[in-house]
Amino acid sequence: MNDSATDSVEQEPAKDRINPVVFYASAIGIVVFALWAMVFSDQAGSVINAALAWISNTFGWFYFLAVLVYLGFVIFIGFSKYGKIRLGPDHSKPEFGLLTWAAMLFSAGIGIDLLFFCVSEPVTQFLAAPDVQGEGVADARRAMQYTFLHWGISGWGVYTLVGMALAFFSYRHGLPLTIRSALFPIFGKRIYGPIGHTVDIAAVLGTVFGIATSLGIGIIQLNYGLNYMFGIPDSVITQAALAVIIVVFAAISAATGVERGIRRLSEFNMLLALGVVLFVLFAGDTVFLLNAFVLNVGDYLSEFIGLSFNTFAFDQPTEWLNGWTLFFWAWWIAWGPFVGLFLARISRGRTIGEFVAGTLILPMVFMMIWMSIMGNSAIEMVMGGASAFGQEAMNNPGSSIYLFLQNLPLSGITTVAVTILAIVFFVTSGDSGSLVLSNFTSILKDANSDAPVWMRVLWAAIIGGLTLALLLAGGLSALQSAVVVMGLPFSIVLFLMMAGLFKALRVEAMKEEAHRKSLPGYLSGRIREDKPTHESWRHRIARATSFPTHKQAVRFLEETARPAMEEIAGVLSERQLPADIESGGGDDPWLRLNVRIEAQQDFTYEIKPEPYAIPAFVRRPQSQDSRYYRLEAHLFEGSQGYDLVGYTRAQVVEDILDHFERHMHFLHTQRAAMGGRTPMPDENTQDQSQHDQEDET
């Protein structure tokens with residue numbers, strides 16, 4: 001780019017490309033591990049179990065505290081003054097409606113695991129939890145408390161933290177939609193070097209092992225269902241075939257993108273899951289189940305703090321902790337990058353408060369309903385004398401839901417429905433995972449674009465291969481152990497993300513405070529001092545009833561806005577503040593003034609014509625465009641919501657300077673409050689970071 005203040009540039013369109021360091025390091029590491037687990041299964045199982053024992057004995061307490069800290073942080077942010085900040089420009093709106101959004105985050109964030117554990121966990125906790133005897137009402141209530149603890153709000157705090165951080169830094173500040181972006185306030189541009197690569201590789205590994213565990217659990221269950229319905233053997237060969245089939249369907253769904261494949265499958269699954277749980281509610285003892293649901297919610301809320309801190313320090317049930325609480329906390333953390341990025345991908349335009357409330361409350365409510373109805377129905381069967389069912393559900397979790405449905409009417413239909421639900425959950429987890437992993441290992445032209453189809457297919461295959469390898473290395477126990485091991489590194493990254501996000505939000509709040517205290521920005525540009533009063537108000541009417549065509553909008557940019565920007569850029573450059581002008585043409589023209597401020601956030605002022613439908617009262621020849629254009633002023637935070645149509649060059653100059661003065665006041669406030677620490681990134685930082693990445697590659 002030419003350094004001259006008045007030189008304009010036409011930006012070359014950026015291209016999506018692979019991130020070689022993150023992609024090859026992650027893919028090669030996973031493939032090597034998968035081959036090792038397949039070829040040396042016994043050795044792999046021993047090593048994984050040894051690592052699990054060390055982490056459990058050394059860091060078990062850390063998992064308990066970490067999950068609570070994550071949850072407390074997101075609740076504080078959501079209900080604080082930061083909750084009004086939008087995940088995107090100020091003028092952005094949510095892409096998906098509330099119900100569709102809820103269905104997508106539910107399918108991606110919980111999925112197949114609810115089918116696997118909805119019967120087996122409550123029954124297992126009733127029969128074998130460390131402080132129950134499997135005998136009475138108190139034990140049944142305790143069993144549901146543990147179930148709610150493992151599936152409740154604690155885990156969703158992890159997802160919310162990652163999704164909020166990624167969406168904020170990407171959609172609000174133009175950084176890539178990767179984990180490293182959340183660390184910019186801490187490490188600055190060093191996130192584009194080894195630090196960032198290490199963080200993203202840790203996120204990819206945690207994500208792959210988390211998804212593989214979920215798919216492996218689902219394959220075990222689906223294999224049993226097929227054996228139950230069609231007599232298909234329950235064997236490794238069958239599980240390998242299922243893994244291949246799921247990978248193929250997941251790749252096809254991922255190739256269609258979020259808007260079609262993943263969205264439609266999620267909506268279908270939500271409706272089918274709702275149908276299953278309503279059937280169980282009305283086919284069973286409806287009044288009892290409703291009473292039990294209310295009781296379970298009260299028990300969970302009243303005992304939440306005690307359960308969340310209960311490490312059983314004096315007499316630890318190590319095997320139970322490793323198989324349940326520690327496993328679940330590590331599993332939620334390992335899934336954090338995957339679900340968090342997916343939540344960010346579908347949540348652009350929502351405020352932080354809306355995002356926090358939605359991601360914490362909506363899935364938890366459905367989880368409580370699902371687990372309570374299914375779990376209490378199963379426990380009631382065991383308490384009624386079905387001891388054989390209880391033992392089989394505990395020892396063979398994959399069979400539990402099918403054995404449970406045998407005791408209800410229309411078992412043939414419900415079994416088929418659950419099998420379809422499991423398959424679709426498979427696909428939604430696999431396609432969402434392959435999409436997220438592809439984005440993690442790519443450098444994308446913008447946060448709303450996705451990695452190429454071939455990469456999504458490749459990651460779907462890698463996930464399938466790792467799932468099969470872990471099944472060969474020890475089945476369910478190996479899957480659970482691998483997740484606990486891989487969740488630990490990323491749990492440290494989450495604390496860094498919290499620090500980076502909080503620092504960034506403080507800067508955002510300071511900027512808003514500076515804007516509030518400075519003079520109103522754009523009103524001064526509305527007054528025509530060069531005309532008498534009666535002509536000035538006539539001009540205001542003309543402005544209010546003007547509906548420019550595309551050609552007229554382009555003419556304003558070139559004949560009025562550009563000279564104004566050039567005039568300001570020239571004067572600022574004389575005062576050691578380099579400024580340049582960028583522009584875009586074609587069907588989407590725009591004009592942008594950038595003022596480079598060393599070691600501080602740059603100032604950006606953009607004029608962008610926004611198309612709108614012509615009002616019915618405006619008469620235009622049919623040959624003309626049916627749209628008109630508002631010439632809206634944009635700052636880095638987004639559209640300012642007012643129209644520059646009718647402004648003179650002098651008025652545009654005044655408007656830019658009003659905003660520039662606000663920005664300089666914000667920088668003063670920031671310097672005074674933060675002692676010269678690293679400011680927030682802006683899109684110019686992103687541009688530079690892309691050049692840095694290209695040089696490094």
# chains A, B, ... in the order shown; residues from 1 in each chain; ligands from 1

$ select_by_dssp --residues "region 71-165 of chain A" --states "alpha helix (DSSP H)" --output "count of residues only"
66

$ residues_around --residues "Gly29 (chain A)" --least-positions-apart "3" --cutoff "12 Å" --atoms "only C-alpha atoms" --output "ChimeraX atom specification"
/A:21-26,32-36,201-202,204-205,208-209,462,466

$ atom_distance --atom1 "CA of Tyr146 (chain A)" --atom2 "CA of Phe309 (chain A)"
12.4 Å

$ residues_around --residues "Met368 (chain A)" --least-positions-apart "6" --cutoff "10 Å" --atoms "only C-alpha atoms" --output "PyMOL selection string"
chain A and resi 144+147-148+151-152+293-294+296-297+300+374

$ residues_around --residues "Ala561 (chain A)" --least-positions-apart "4" --cutoff "8 Å" --atoms "only C-alpha atoms" --output "list in words"
Phe556, Leu557, Met565, Leu591, Ile607, Arg649 and Val652 of chain A

$ closest_residue --among "A:Ser347, A:Ser442, A:Ser214, A:Ser400" --to "Lys93 (chain A)" --atoms "only C-alpha atoms"
A:Ser347

$ residues_around --residues "Gly210 (chain A)" --least-positions-apart "3" --cutoff "12 Å" --atoms "only C-alpha atoms" --output "count of residues only"
44

$ residues_around --residues "Ser372 (chain A)" --least-positions-apart "4" --cutoff "12 Å" --atoms "only C-alpha atoms" --output "VMD selection string"
chain A and resid 114 117 to 119 121 to 123 140 to 141 143 to 148 151 to 152 277 to 278 280 to 281 286 288 to 297 299 to 300 364 to 368 376 to 380

$ write_last_selection --atoms "N, CA and C atoms" --output "compact mmCIF listing (two decimals), in the first residue's frame"
# COMPACT_ATOMS: atom_id res chain seq x y z
N LEU A 114 -27.07 -37.80 25.37
CA LEU A 114 -28.29 -37.86 26.16
C LEU A 114 -28.98 -39.21 26.00
N PHE A 117 -26.84 -41.82 28.10
CA PHE A 117 -26.77 -41.69 29.54
C PHE A 117 -28.12 -41.45 30.22
N CYS A 118 -29.19 -41.18 29.47
CA CYS A 118 -30.44 -40.74 30.11
C CYS A 118 -31.05 -41.83 30.99
N VAL A 119 -30.77 -43.08 30.70
CA VAL A 119 -31.24 -44.18 31.54
C VAL A 119 -30.09 -44.76 32.36
N GLU A 121 -27.18 -43.49 33.43
CA GLU A 121 -26.60 -42.74 34.55
C GLU A 121 -27.52 -42.69 35.76
N PRO A 122 -28.79 -42.30 35.63
CA PRO A 122 -29.63 -42.30 36.84
C PRO A 122 -29.67 -43.66 37.54
N VAL A 123 -29.76 -44.74 36.76
CA VAL A 123 -29.80 -46.07 37.37
C VAL A 123 -28.47 -46.39 38.04
N ALA A 140 -32.86 -42.29 45.47
CA ALA A 140 -33.36 -41.90 44.15
C ALA A 140 -33.17 -40.40 43.92
N ARG A 141 -33.45 -39.62 44.96
CA ARG A 141 -33.25 -38.17 44.84
C ARG A 141 -31.77 -37.83 44.66
N ALA A 143 -29.47 -39.73 43.35
CA ALA A 143 -29.05 -40.17 42.02
C ALA A 143 -29.38 -39.10 40.97
N MET A 144 -30.55 -38.50 41.09
CA MET A 144 -30.92 -37.47 40.12
C MET A 144 -30.13 -36.18 40.34
N GLN A 145 -29.71 -35.93 41.58
CA GLN A 145 -28.86 -34.77 41.82
C GLN A 145 -27.53 -34.91 41.09
N TYR A 146 -26.93 -36.09 41.19
CA TYR A 146 -25.67 -36.31 40.47
C TYR A 146 -25.88 -36.21 38.96
N THR A 147 -26.98 -36.74 38.48
CA THR A 147 -27.26 -36.68 37.03
C THR A 147 -27.42 -35.24 36.57
N PHE A 148 -28.19 -34.45 37.31
CA PHE A 148 -28.36 -33.04 36.97
C PHE A 148 -27.04 -32.28 37.06
N TRP A 151 -24.97 -32.95 33.93
CA TRP A 151 -25.55 -32.50 32.66
C TRP A 151 -26.11 -31.08 32.72
N GLY A 152 -25.92 -30.40 33.84
CA GLY A 152 -26.57 -29.12 34.04
C GLY A 152 -25.78 -27.92 33.59
N VAL A 277 -39.66 -37.89 24.43
CA VAL A 277 -39.80 -37.61 25.86
C VAL A 277 -41.26 -37.39 26.24
N LEU A 278 -42.05 -36.81 25.34
CA LEU A 278 -43.48 -36.66 25.63
C LEU A 278 -44.19 -38.01 25.65
N VAL A 280 -42.84 -40.89 26.60
CA VAL A 280 -42.50 -41.53 27.87
C VAL A 280 -43.29 -40.89 29.01
N LEU A 281 -43.46 -39.56 28.96
CA LEU A 281 -44.21 -38.86 30.00
C LEU A 281 -45.65 -39.36 30.08
N THR A 286 -47.79 -40.20 34.63
CA THR A 286 -47.59 -38.80 34.27
C THR A 286 -47.51 -37.90 35.51
N PHE A 288 -46.80 -38.65 38.62
CA PHE A 288 -45.56 -38.92 39.37
C PHE A 288 -44.37 -38.26 38.70
N LEU A 289 -44.25 -38.37 37.39
CA LEU A 289 -43.09 -37.83 36.68
C LEU A 289 -43.06 -36.31 36.75
N LEU A 290 -44.23 -35.67 36.70
CA LEU A 290 -44.26 -34.22 36.83
C LEU A 290 -43.86 -33.78 38.23
N ASN A 291 -44.36 -34.49 39.24
CA ASN A 291 -43.96 -34.19 40.62
C ASN A 291 -42.46 -34.42 40.82
N ALA A 292 -41.95 -35.49 40.23
CA ALA A 292 -40.53 -35.81 40.37
C ALA A 292 -39.67 -34.75 39.69
N PHE A 293 -40.14 -34.24 38.57
CA PHE A 293 -39.39 -33.19 37.87
C PHE A 293 -39.24 -31.96 38.76
N VAL A 294 -40.33 -31.51 39.34
CA VAL A 294 -40.28 -30.34 40.22
C VAL A 294 -39.35 -30.62 41.41
N LEU A 295 -39.45 -31.82 41.99
CA LEU A 295 -38.60 -32.19 43.11
C LEU A 295 -37.12 -32.20 42.71
N ASN A 296 -36.81 -32.76 41.54
CA ASN A 296 -35.42 -32.83 41.08
C ASN A 296 -34.82 -31.45 40.87
N VAL A 297 -35.61 -30.54 40.29
CA VAL A 297 -35.12 -29.18 40.07
C VAL A 297 -34.81 -28.52 41.40
N ASP A 299 -34.07 -30.00 44.28
CA ASP A 299 -32.91 -30.65 44.88
C ASP A 299 -31.61 -30.16 44.23
N TYR A 300 -31.64 -30.05 42.92
CA TYR A 300 -30.44 -29.61 42.20
C TYR A 300 -30.04 -28.19 42.58
N MET A 364 -30.24 -26.29 29.29
CA MET A 364 -30.38 -26.86 30.62
C MET A 364 -31.83 -27.22 30.92
N VAL A 365 -32.75 -26.39 30.47
CA VAL A 365 -34.17 -26.69 30.71
C VAL A 365 -34.57 -27.99 30.01
N PHE A 366 -34.14 -28.12 28.75
CA PHE A 366 -34.48 -29.36 28.04
C PHE A 366 -33.79 -30.56 28.68
N MET A 367 -32.53 -30.37 29.12
CA MET A 367 -31.81 -31.46 29.77
C MET A 367 -32.53 -31.91 31.03
N MET A 368 -32.98 -30.95 31.83
CA MET A 368 -33.69 -31.30 33.06
C MET A 368 -34.96 -32.09 32.77
N ASN A 376 -36.23 -40.84 36.09
CA ASN A 376 -37.17 -41.25 37.15
C ASN A 376 -38.02 -42.44 36.72
N SER A 377 -38.35 -42.52 35.45
CA SER A 377 -39.09 -43.69 34.97
C SER A 377 -38.26 -44.95 35.14
N ALA A 378 -36.95 -44.86 34.81
CA ALA A 378 -36.08 -46.03 34.94
C ALA A 378 -35.86 -46.40 36.40
N ILE A 379 -35.63 -45.40 37.26
CA ILE A 379 -35.43 -45.68 38.69
C ILE A 379 -36.69 -46.29 39.30
N GLU A 380 -37.84 -45.81 38.88
CA GLU A 380 -39.10 -46.37 39.38
C GLU A 380 -39.22 -47.85 39.02

$ residues_around --residues "Ser434 (chain A)" --least-positions-apart "6" --cutoff "10 Å" --atoms "only C-alpha atoms" --output "JSON, numbers by chain"
{"A": [207, 208, 211, 247, 250, 251, 253, 254, 255, 338, 428, 440, 451, 453, 455, 456, 457, 458, 459, 460, 461, 462, 463]}

$ closest_atom_pairs --of "region 145-237 of chain A" --to "region 420-424 of chain A" --cutoff "9 Å" --atoms "only C-alpha atoms" --output "JSON lines"
{"residue": "A:Gly218", "atom": "CA", "partner": "A:Ala422", "partner_atom": "CA", "distance": 7.0}
{"residue": "A:Ile219", "atom": "CA", "partner": "A:Ala422", "partner_atom": "CA", "distance": 8.9}
{"residue": "A:Gln221", "atom": "CA", "partner": "A:Ala422", "partner_atom": "CA", "distance": 8.4}
{"residue": "A:Leu222", "atom": "CA", "partner": "A:Ala422", "partner_atom": "CA", "distance": 6.9}

$ decode --residues "region 148-268 of chain A" --atoms "C-alpha atoms" --output "short mmCIF file (atom, residue, chain, number, x, y, z; two decimals), in the first residue's frame"
data_model
loop_
_atom_site.label_atom_id
_atom_site.label_comp_id
_atom_site.auth_asym_id
_atom_site.auth_seq_id
_atom_site.Cartn_x
_atom_site.Cartn_y
_atom_site.Cartn_z
CA PHE A 148 -28.36 -33.04 36.97
CA LEU A 149 -24.92 -31.96 38.20
CA HIS A 150 -23.13 -33.72 35.35
CA TRP A 151 -25.55 -32.50 32.66
CA GLY A 152 -26.57 -29.12 34.04
CA ILE A 153 -25.45 -25.56 33.92
CA SER A 154 -21.82 -26.21 34.91
CA GLY A 155 -20.79 -27.75 31.61
CA TRP A 156 -22.65 -25.19 29.55
CA GLY A 157 -20.59 -22.53 31.29
CA VAL A 158 -17.57 -23.87 29.38
CA TYR A 159 -19.38 -23.69 26.04
CA THR A 160 -20.66 -20.21 26.78
CA LEU A 161 -17.20 -18.92 27.71
CA VAL A 162 -15.58 -20.16 24.50
CA GLY A 163 -18.46 -19.12 22.24
CA MET A 164 -18.73 -15.64 23.78
CA ALA A 165 -14.99 -14.99 23.47
CA LEU A 166 -14.74 -16.22 19.88
CA ALA A 167 -17.82 -14.32 18.71
CA PHE A 168 -16.72 -11.10 20.44
CA PHE A 169 -13.19 -11.01 19.04
CA SER A 170 -14.17 -12.21 15.58
CA TYR A 171 -17.45 -10.41 14.86
CA ARG A 172 -16.78 -7.33 16.96
CA HIS A 173 -13.08 -6.82 16.24
CA GLY A 174 -12.45 -8.57 12.95
CA LEU A 175 -10.04 -11.24 14.20
CA PRO A 176 -10.05 -14.82 12.89
CA LEU A 177 -12.63 -17.20 14.34
CA THR A 178 -10.01 -19.25 16.21
CA ILE A 179 -9.05 -19.74 19.85
CA ARG A 180 -5.86 -17.68 19.54
CA SER A 181 -7.86 -14.52 18.81
CA ALA A 182 -9.16 -14.45 22.39
CA LEU A 183 -5.58 -14.10 23.63
CA PHE A 184 -4.77 -10.96 21.63
CA PRO A 185 -5.21 -8.56 24.60
CA ILE A 186 -2.61 -10.62 26.51
CA PHE A 187 -0.01 -11.54 23.88
CA GLY A 188 -0.67 -9.01 21.12
CA LYS A 189 0.58 -9.96 17.65
CA ARG A 190 2.54 -12.86 19.12
CA ILE A 191 -0.66 -14.91 18.79
CA TYR A 192 0.26 -15.26 15.12
CA GLY A 193 3.45 -17.11 16.06
CA PRO A 194 4.25 -20.20 18.15
CA ILE A 195 1.97 -19.16 21.04
CA GLY A 196 -1.09 -18.99 18.80
CA HIS A 197 -0.20 -22.18 16.96
CA THR A 198 0.18 -24.05 20.25
CA VAL A 199 -3.17 -22.81 21.54
CA ASP A 200 -5.00 -23.72 18.33
CA ILE A 201 -3.35 -27.15 18.18
CA ALA A 202 -4.44 -27.81 21.79
CA ALA A 203 -7.98 -26.76 20.83
CA VAL A 204 -7.99 -29.04 17.79
CA LEU A 205 -6.71 -32.04 19.75
CA GLY A 206 -9.21 -31.51 22.56
CA THR A 207 -12.01 -31.13 20.05
CA VAL A 208 -11.11 -34.25 18.07
CA PHE A 209 -10.86 -36.44 21.17
CA GLY A 210 -14.09 -35.02 22.59
CA ILE A 211 -16.02 -35.66 19.38
CA ALA A 212 -14.44 -39.09 18.96
CA THR A 213 -15.55 -40.00 22.48
CA SER A 214 -19.09 -38.90 21.79
CA LEU A 215 -19.25 -40.77 18.50
CA GLY A 216 -17.66 -43.84 20.06
CA ILE A 217 -20.27 -43.89 22.82
CA GLY A 218 -22.96 -43.50 20.21
CA ILE A 219 -21.58 -46.32 18.06
CA ILE A 220 -21.63 -48.66 21.06
CA GLN A 221 -25.27 -47.80 21.65
CA LEU A 222 -26.29 -47.95 18.00
CA ASN A 223 -24.58 -51.33 17.62
CA TYR A 224 -26.69 -52.69 20.45
CA GLY A 225 -29.85 -51.23 18.93
CA LEU A 226 -29.17 -52.84 15.57
CA ASN A 227 -28.43 -56.13 17.30
CA TYR A 228 -31.66 -55.84 19.26
CA MET A 229 -33.81 -55.01 16.22
CA PHE A 230 -32.14 -56.93 13.39
CA GLY A 231 -29.71 -59.36 14.99
CA ILE A 232 -26.64 -57.58 13.57
CA PRO A 233 -23.60 -58.81 15.58
CA ASP A 234 -22.32 -56.67 18.42
CA SER A 235 -18.67 -56.63 17.33
CA VAL A 236 -15.71 -54.45 16.39
CA ILE A 237 -16.36 -55.12 12.70
CA THR A 238 -19.90 -53.79 13.01
CA GLN A 239 -18.66 -50.76 14.93
CA ALA A 240 -16.04 -50.08 12.25
CA ALA A 241 -18.71 -50.24 9.55
CA LEU A 242 -20.91 -47.88 11.54
CA ALA A 243 -18.01 -45.45 11.92
CA VAL A 244 -17.49 -45.41 8.14
CA ILE A 245 -21.19 -44.89 7.44
CA ILE A 246 -21.47 -42.07 9.96
CA VAL A 247 -18.38 -40.37 8.53
CA VAL A 248 -19.85 -40.47 5.02
CA PHE A 249 -23.16 -38.94 6.09
CA ALA A 250 -21.42 -36.38 8.30
CA ALA A 251 -19.20 -35.33 5.40
CA ILE A 252 -22.22 -34.92 3.11
CA SER A 253 -24.05 -32.84 5.71
CA ALA A 254 -20.99 -30.68 6.48
CA ALA A 255 -20.52 -30.03 2.78
CA THR A 256 -23.96 -28.41 2.60
CA GLY A 257 -23.00 -25.87 5.29
CA VAL A 258 -24.64 -24.53 8.43
CA GLU A 259 -27.66 -22.92 6.79
CA ARG A 260 -28.98 -26.06 5.15
CA GLY A 261 -27.57 -29.39 6.36
CA ILE A 262 -26.77 -28.75 10.00
CA ARG A 263 -29.74 -26.44 10.55
CA ARG A 264 -32.35 -28.82 9.11
CA LEU A 265 -30.96 -31.88 10.87
CA SER A 266 -30.89 -30.02 14.19
CA GLU A 267 -34.52 -28.92 13.84
CA PHE A 268 -35.58 -32.46 12.94
#
